[in-house]
Amino acid sequence: MKVLAINCGSSTLKFRVIESDINTPLGQERRLAGGLVDRIGRLGEVKFVTENGECFQETTEIADHGMATQRVFDWLKSLGLMEQDGIEAVGHRVVHGGSRFVEPTLINDRLIDAIEAMKYLAPLHNDPSLKAIRAANRILDPAIPMVAVFDTAFHSRMLEQASYYAIPPELTMKHHIRRYGFHGLAHRYMTERYAVITGESLEGVKLVTLQLGNGCSATAVEGGHSVDTSMGFTPLEGLMMGTRSGDIDPHLIGYLAQREGVDIDEVEGWLNTRSGLLGVSGLSQDMRELLKAESQGDENAALAVEMFCYRVKKQIGAYLAALNGADAVVFGGGIGENSPAVRARICTGMEWCGLIIDDEQNAKTVGSENRITKDSARIHAYVIPVDEEIIIARDTARYFYKE
């Protein structure tokens, strides 16, 4: 089945046309075309590539995700992929499905209204997905179905003690407050791909998966699903990130609002866009730039890197306790996949639990799958580059095979 997978970020749209069926092992799908529309909302970068390596690039104004979607479909049409034997279904990543949507769901007017009603839970992400869905609805032949795949679904089976906050239950129920978790497609890909490359049963593995990029999260995985995760009601909770603070004392928001003479919304804006690596370093949210600045003696950059690595290491320790041990720690995301230096700092000093880094394997692993621990390690560490579009496409195809 040929599926177009559309993956909207707050200012990006990634897509891929994938051919697979339910019997295709994860990672062996045929990739017919794909690409990225970056910097949506301003002067955008368009980079598309076909299976045989033919590239199309341009810099142009991309007003919103609806326009980006139109640009993708125009290009796919020029390749003949919108013809009768071309794309058979479209899958959309939707970040927040709340408690209601925990399975791939056929997109219709009722689902669009439901996603719209939940937009307040993830305004930076659900709204772009809605724009892409509506644009695709206008463009597509009605005979081509669309399916929504929800990022929060992977975390929907967390136990109550991991998914609720210690607040009065009447507030929890009235306002649908719980720890929903995010990056579910990324953590799921790492989990399922680990099972494939190691030959282990998915139901039998225990993992700590790390999605480390501009947004960062950790997940404790057991039985093929999340049992705890670092992000919560919003993506602000948990690890230190590119521009997000991660965990703070909740009282700090009101304290800063009072002391700075601003409203709570402004303080939350600071915590989301002016904190994390960027806030501590005062320089950049890009780990590559911070590592370079650190090597040149920048103390603030050095502190930002050390805080980042320390908090990830601390989260690994917490999840090893929650899981009563684990088979492996898996690194994904832009930093996790491409920064041996950061991985080494996170893993160094964890020999107490049996995680022993192999410096040579770690140093040579950049953007590729590999085990980066010694043979003698009791807990291994792997690098598994994340492919959310594969999960979107497989879930979309699986929906129709199930039907």
# chains A, B, ... in the order shown; residues from 1 in each chain; ligands from 1
call {"tool": "residues_around", "arguments": {"residues": "Ala318 in chain A", "least_positions_apart": "3", "cutoff": "12 Å", "atoms": "only C-alpha atoms", "output": "MDAnalysis selection string"}}
result
chainID A and resid 208 218:220 228:230 311:315 321:326
call {"tool": "write_last_selection", "arguments": {"atoms": "C-alpha atoms", "output": "PDB file, in the first residue's frame"}}
result
ATOM      1  CA  VAL A 208      14.613   3.774  28.509  1.00  0.00           C
ATOM      2  CA  ALA A 218      12.493  10.252  28.093  1.00  0.00           C
ATOM      3  CA  THR A 219      10.180   7.255  28.306  1.00  0.00           C
ATOM      4  CA  ALA A 220      10.186   4.077  30.363  1.00  0.00           C
ATOM      5  CA  ASP A 228       6.054   6.564  32.296  1.00  0.00           C
ATOM      6  CA  THR A 229       7.349   9.562  30.363  1.00  0.00           C
ATOM      7  CA  SER A 230       8.971  12.869  31.230  1.00  0.00           C
ATOM      8  CA  ARG A 311      19.217  15.994  33.852  1.00  0.00           C
ATOM      9  CA  VAL A 312      19.093  13.271  31.198  1.00  0.00           C
ATOM     10  CA  LYS A 313      21.306  11.014  33.325  1.00  0.00           C
ATOM     11  CA  LYS A 314      19.107  11.645  36.363  1.00  0.00           C
ATOM     12  CA  GLN A 315      15.992  10.722  34.351  1.00  0.00           C
ATOM     13  CA  ALA A 321      14.203   2.299  39.208  1.00  0.00           C
ATOM     14  CA  ALA A 322      10.633   2.448  37.832  1.00  0.00           C
ATOM     15  CA  LEU A 323      11.317  -0.512  35.512  1.00  0.00           C
ATOM     16  CA  ASN A 324      13.328  -2.522  38.059  1.00  0.00           C
ATOM     17  CA  GLY A 325      16.163  -2.501  35.553  1.00  0.00           C
ATOM     18  CA  ALA A 326      16.215  -2.364  31.760  1.00  0.00           C
TER      19      ALA A 326
END
call {"tool": "residues_around", "arguments": {"residues": "Phe56 in chain A", "least_positions_apart": "4", "cutoff": "10 Å", "atoms": "only C-alpha atoms", "output": "ChimeraX atom specification"}}
result
/A:35,46-50,75
call {"tool": "select_by_dssp", "arguments": {"residues": "range 129-293 of chain A", "states": "strand (DSSP E)", "output": "list in words"}}
result
Met146, Val147, Ala148, Val149, Phe150, Lys206, Leu207, Val208, Thr209, Leu210, Gln211, Leu212, Cys216, Ser217, Ala218, Thr219, Ala220, Val221, Glu222, His225, Ser226, Val227, Asp228 and Thr229 of chain A
call {"tool": "write_last_selection", "arguments": {"atoms": "C-alpha atoms", "output": "mmCIF file, in the first residue's frame"}}
result
data_model
loop_
_atom_site.group_PDB
_atom_site.id
_atom_site.type_symbol
_atom_site.label_atom_id
_atom_site.label_comp_id
_atom_site.auth_asym_id
_atom_site.auth_seq_id
_atom_site.Cartn_x
_atom_site.Cartn_y
_atom_site.Cartn_z
ATOM 1 C CA MET A 146 -7.032 9.964 5.432
ATOM 2 C CA VAL A 147 -6.122 8.675 8.890
ATOM 3 C CA ALA A 148 -4.992 10.560 12.006
ATOM 4 C CA VAL A 149 -2.188 9.013 14.073
ATOM 5 C CA PHE A 150 -1.878 10.522 17.554
ATOM 6 C CA LYS A 206 12.347 -3.044 28.971
ATOM 7 C CA LEU A 207 13.874 0.175 27.660
ATOM 8 C CA VAL A 208 14.613 3.774 28.509
ATOM 9 C CA THR A 209 14.132 5.672 25.249
ATOM 10 C CA LEU A 210 15.517 9.190 24.832
ATOM 11 C CA GLN A 211 14.252 11.652 22.222
ATOM 12 C CA LEU A 212 16.868 14.399 22.457
ATOM 13 C CA CYS A 216 13.456 16.413 24.649
ATOM 14 C CA SER A 217 11.723 13.586 26.447
ATOM 15 C CA ALA A 218 12.493 10.252 28.093
ATOM 16 C CA THR A 219 10.180 7.255 28.306
ATOM 17 C CA ALA A 220 10.186 4.077 30.363
ATOM 18 C CA VAL A 221 8.961 1.268 28.098
ATOM 19 C CA GLU A 222 7.714 -2.152 29.163
ATOM 20 C CA HIS A 225 4.193 0.567 25.515
ATOM 21 C CA SER A 226 5.031 3.547 27.701
ATOM 22 C CA VAL A 227 4.703 3.114 31.461
ATOM 23 C CA ASP A 228 6.054 6.564 32.296
ATOM 24 C CA THR A 229 7.349 9.562 30.363
#
call {"tool": "select_by_dssp", "arguments": {"residues": "range 169-331 of chain A", "states": "alpha helix (DSSP H)", "output": "count of residues only"}}
result
82
call {"tool": "residues_around", "arguments": {"residues": "range 265-281 of chain A", "least_positions_apart": "5", "cutoff": "7 Å", "atoms": "only C-alpha atoms", "output": "count of residues only"}}
result
13
call {"tool": "atom_distance", "arguments": {"atom1": "CA of Lys374 in chain A", "atom2": "CA of Ala302 in chain A"}}
result
27.9 Å
call {"tool": "atom_distance", "arguments": {"atom1": "CA of Val342 in chain A", "atom2": "CA of Asp247 in chain A"}}
result
20.1 Å
call {"tool": "closest_atom_pairs", "arguments": {"of": "range 83-202 of chain A", "to": "range 330-335 of chain A", "cutoff": "10 Å", "atoms": "only C-alpha atoms", "output": "Markdown table"}}
result
| residue | atom | partner | partner_atom | distance |
| --- | --- | --- | --- | --- |
| A:Ala186 | CA | A:Gly332 | CA | 7.8 |
| A:His187 | CA | A:Gly332 | CA | 8.3 |
| A:Tyr189 | CA | A:Gly332 | CA | 9.5 |
| A:Met190 | CA | A:Val330 | CA | 6.9 |
| A:Thr191 | CA | A:Val330 | CA | 8.2 |
| A:Tyr194 | CA | A:Val330 | CA | 8.1 |
call {"tool": "residues_around", "arguments": {"residues": "Ala153 in chain A", "least_positions_apart": "5", "cutoff": "9 Å", "atoms": "only C-alpha atoms", "output": "list in words"}}
result
His96, Gly97, Gly98, Ser99, Phe101, Val102, Glu103, Pro104, Tyr180, Gly181, Phe182, Gly184 and Leu185 of chain A
call {"tool": "write_last_selection", "arguments": {"atoms": "C-alpha atoms", "output": "tab-separated table (two decimals), in the first residue's frame"}}
result
chain	number	residue	atom	x	y	z
A	96	HIS	CA	-2.60	15.64	20.96
A	97	GLY	CA	-5.44	13.14	21.00
A	98	GLY	CA	-6.34	13.63	24.65
A	99	SER	CA	-7.76	10.61	26.45
A	101	PHE	CA	-8.10	9.09	20.67
A	102	VAL	CA	-5.64	6.29	21.36
A	103	GLU	CA	-5.81	4.44	18.02
A	104	PRO	CA	-5.37	5.49	14.37
A	180	TYR	CA	-0.52	12.84	28.47
A	181	GLY	CA	3.09	12.59	27.28
A	182	PHE	CA	4.40	13.48	23.83
A	184	GLY	CA	4.97	9.05	21.24
A	185	LEU	CA	5.71	8.16	17.61
call {"tool": "closest_residue", "arguments": {"among": "A:Ile372, A:Cys8, A:Ile177, A:Ala393", "to": "Gly66 in chain A", "atoms": "only C-alpha atoms"}}
result
A:Cys8
call {"tool": "atom_distance", "arguments": {"atom1": "CA of Ile167 in chain A", "atom2": "CA of His183 in chain A"}}
result
24.8 Å
call {"tool": "residues_around", "arguments": {"residues": "Val305 in chain A", "least_positions_apart": "6", "cutoff": "8 Å", "atoms": "only C-alpha atoms", "output": "PyMOL selection string"}}
result
chain A and resi 277+287+290-291
call {"tool": "write_last_selection", "arguments": {"atoms": "C-alpha atoms", "output": "mmCIF file, in the first residue's frame"}}
result
data_model
loop_
_atom_site.group_PDB
_atom_site.id
_atom_site.type_symbol
_atom_site.label_atom_id
_atom_site.label_comp_id
_atom_site.auth_asym_id
_atom_site.auth_seq_id
_atom_site.Cartn_x
_atom_site.Cartn_y
_atom_site.Cartn_z
ATOM 1 C CA LEU A 277 19.939 25.593 26.453
ATOM 2 C CA MET A 287 24.035 21.838 20.937
ATOM 3 C CA LEU A 290 27.357 25.193 22.537
ATOM 4 C CA LEU A 291 29.941 22.401 22.425
#
call {"tool": "residues_around", "arguments": {"residues": "range 354-357 of chain A", "least_positions_apart": "5", "cutoff": "9 Å", "atoms": "only C-alpha atoms", "output": "list in words"}}
result
Ala328, Val329, Ala344, Cys347, Thr348, Gly349, Asn362, Ile372, Thr373, Lys374, Asp375, Ser376, Ala377, Arg378, Ile379, His380 and Ala381 of chain A
call {"tool": "write_last_selection", "arguments": {"atoms": "C-alpha atoms", "output": "PDB file, in the first residue's frame"}}
result
ATOM      1  CA  ALA A 328      18.923  -0.931  27.086  1.00  0.00           C
ATOM      2  CA  VAL A 329      18.959   2.833  26.844  1.00  0.00           C
ATOM      3  CA  ALA A 344      29.366   9.999  26.403  1.00  0.00           C
ATOM      4  CA  CYS A 347      26.577   7.528  30.061  1.00  0.00           C
ATOM      5  CA  THR A 348      29.882   8.156  31.835  1.00  0.00           C
ATOM      6  CA  GLY A 349      29.577   7.274  35.512  1.00  0.00           C
ATOM      7  CA  ASN A 362      30.226   5.791  20.290  1.00  0.00           C
ATOM      8  CA  ILE A 372      27.602   1.963  21.627  1.00  0.00           C
ATOM      9  CA  THR A 373      28.338  -0.094  24.754  1.00  0.00           C
ATOM     10  CA  LYS A 374      30.928  -2.776  25.410  1.00  0.00           C
ATOM     11  CA  ASP A 375      30.081  -6.470  25.013  1.00  0.00           C
ATOM     12  CA  SER A 376      30.388  -6.891  28.775  1.00  0.00           C
ATOM     13  CA  ALA A 377      27.735  -4.265  29.593  1.00  0.00           C
ATOM     14  CA  ARG A 378      24.696  -5.530  31.498  1.00  0.00           C
ATOM     15  CA  ILE A 379      22.609  -2.615  30.191  1.00  0.00           C
ATOM     16  CA  HIS A 380      23.361  -1.674  26.615  1.00  0.00           C
ATOM     17  CA  ALA A 381      23.006   1.678  24.890  1.00  0.00           C
TER      18      ALA A 381
END
call {"tool": "residues_around", "arguments": {"residues": "Ile87 in chain A", "least_positions_apart": "3", "cutoff": "8 Å", "atoms": "only C-alpha atoms", "output": "ChimeraX atom specification"}}
result
/A:2-4,17,81-84,90,144
call {"tool": "write_last_selection", "arguments": {"atoms": "N, CA and C atoms", "output": "PDB file, in the first residue's frame"}}
result
ATOM      1  N   LYS A   2       0.591   2.206  -0.862  1.00  0.00           N
ATOM      2  CA  LYS A   2       1.347   3.456  -0.926  1.00  0.00           C
ATOM      3  C   LYS A   2       0.651   4.504  -0.057  1.00  0.00           C
ATOM      4  N   VAL A   3       1.362   4.993   0.946  1.00  0.00           N
ATOM      5  CA  VAL A   3       0.804   5.946   1.908  1.00  0.00           C
ATOM      6  C   VAL A   3       1.651   7.205   1.922  1.00  0.00           C
ATOM      7  N   LEU A   4       0.998   8.345   1.879  1.00  0.00           N
ATOM      8  CA  LEU A   4       1.662   9.622   2.106  1.00  0.00           C
ATOM      9  C   LEU A   4       1.554   9.957   3.587  1.00  0.00           C
ATOM     10  N   VAL A  17       6.444   9.446   1.104  1.00  0.00           N
ATOM     11  CA  VAL A  17       5.576   8.466   0.463  1.00  0.00           C
ATOM     12  C   VAL A  17       6.222   7.106   0.644  1.00  0.00           C
ATOM     13  N   LEU A  81       2.588  10.652  -8.838  1.00  0.00           N
ATOM     14  CA  LEU A  81       2.196   9.868  -7.660  1.00  0.00           C
ATOM     15  C   LEU A  81       0.751  10.117  -7.239  1.00  0.00           C
ATOM     16  N   MET A  82       0.069  11.057  -7.889  1.00  0.00           N
ATOM     17  CA  MET A  82      -1.337  11.278  -7.587  1.00  0.00           C
ATOM     18  C   MET A  82      -2.245  10.625  -8.630  1.00  0.00           C
ATOM     19  N   GLU A  83      -1.636   9.824  -9.503  1.00  0.00           N
ATOM     20  CA  GLU A  83      -2.426   9.124 -10.512  1.00  0.00           C
ATOM     21  C   GLU A  83      -3.103   7.901  -9.901  1.00  0.00           C
ATOM     22  N   GLN A  84      -3.804   7.139 -10.736  1.00  0.00           N
ATOM     23  CA  GLN A  84      -4.633   6.033 -10.244  1.00  0.00           C
ATOM     24  C   GLN A  84      -3.834   4.978  -9.480  1.00  0.00           C
ATOM     25  N   VAL A  90      -3.604   8.723   3.000  1.00  0.00           N
ATOM     26  CA  VAL A  90      -2.769   9.755   3.618  1.00  0.00           C
ATOM     27  C   VAL A  90      -2.882   9.613   5.137  1.00  0.00           C
ATOM     28  N   ILE A 144      -9.725   8.886  -1.808  1.00  0.00           N
ATOM     29  CA  ILE A 144      -8.484   8.624  -1.073  1.00  0.00           C
ATOM     30  C   ILE A 144      -8.704   8.967   0.398  1.00  0.00           C
TER      31      ILE A 144
END
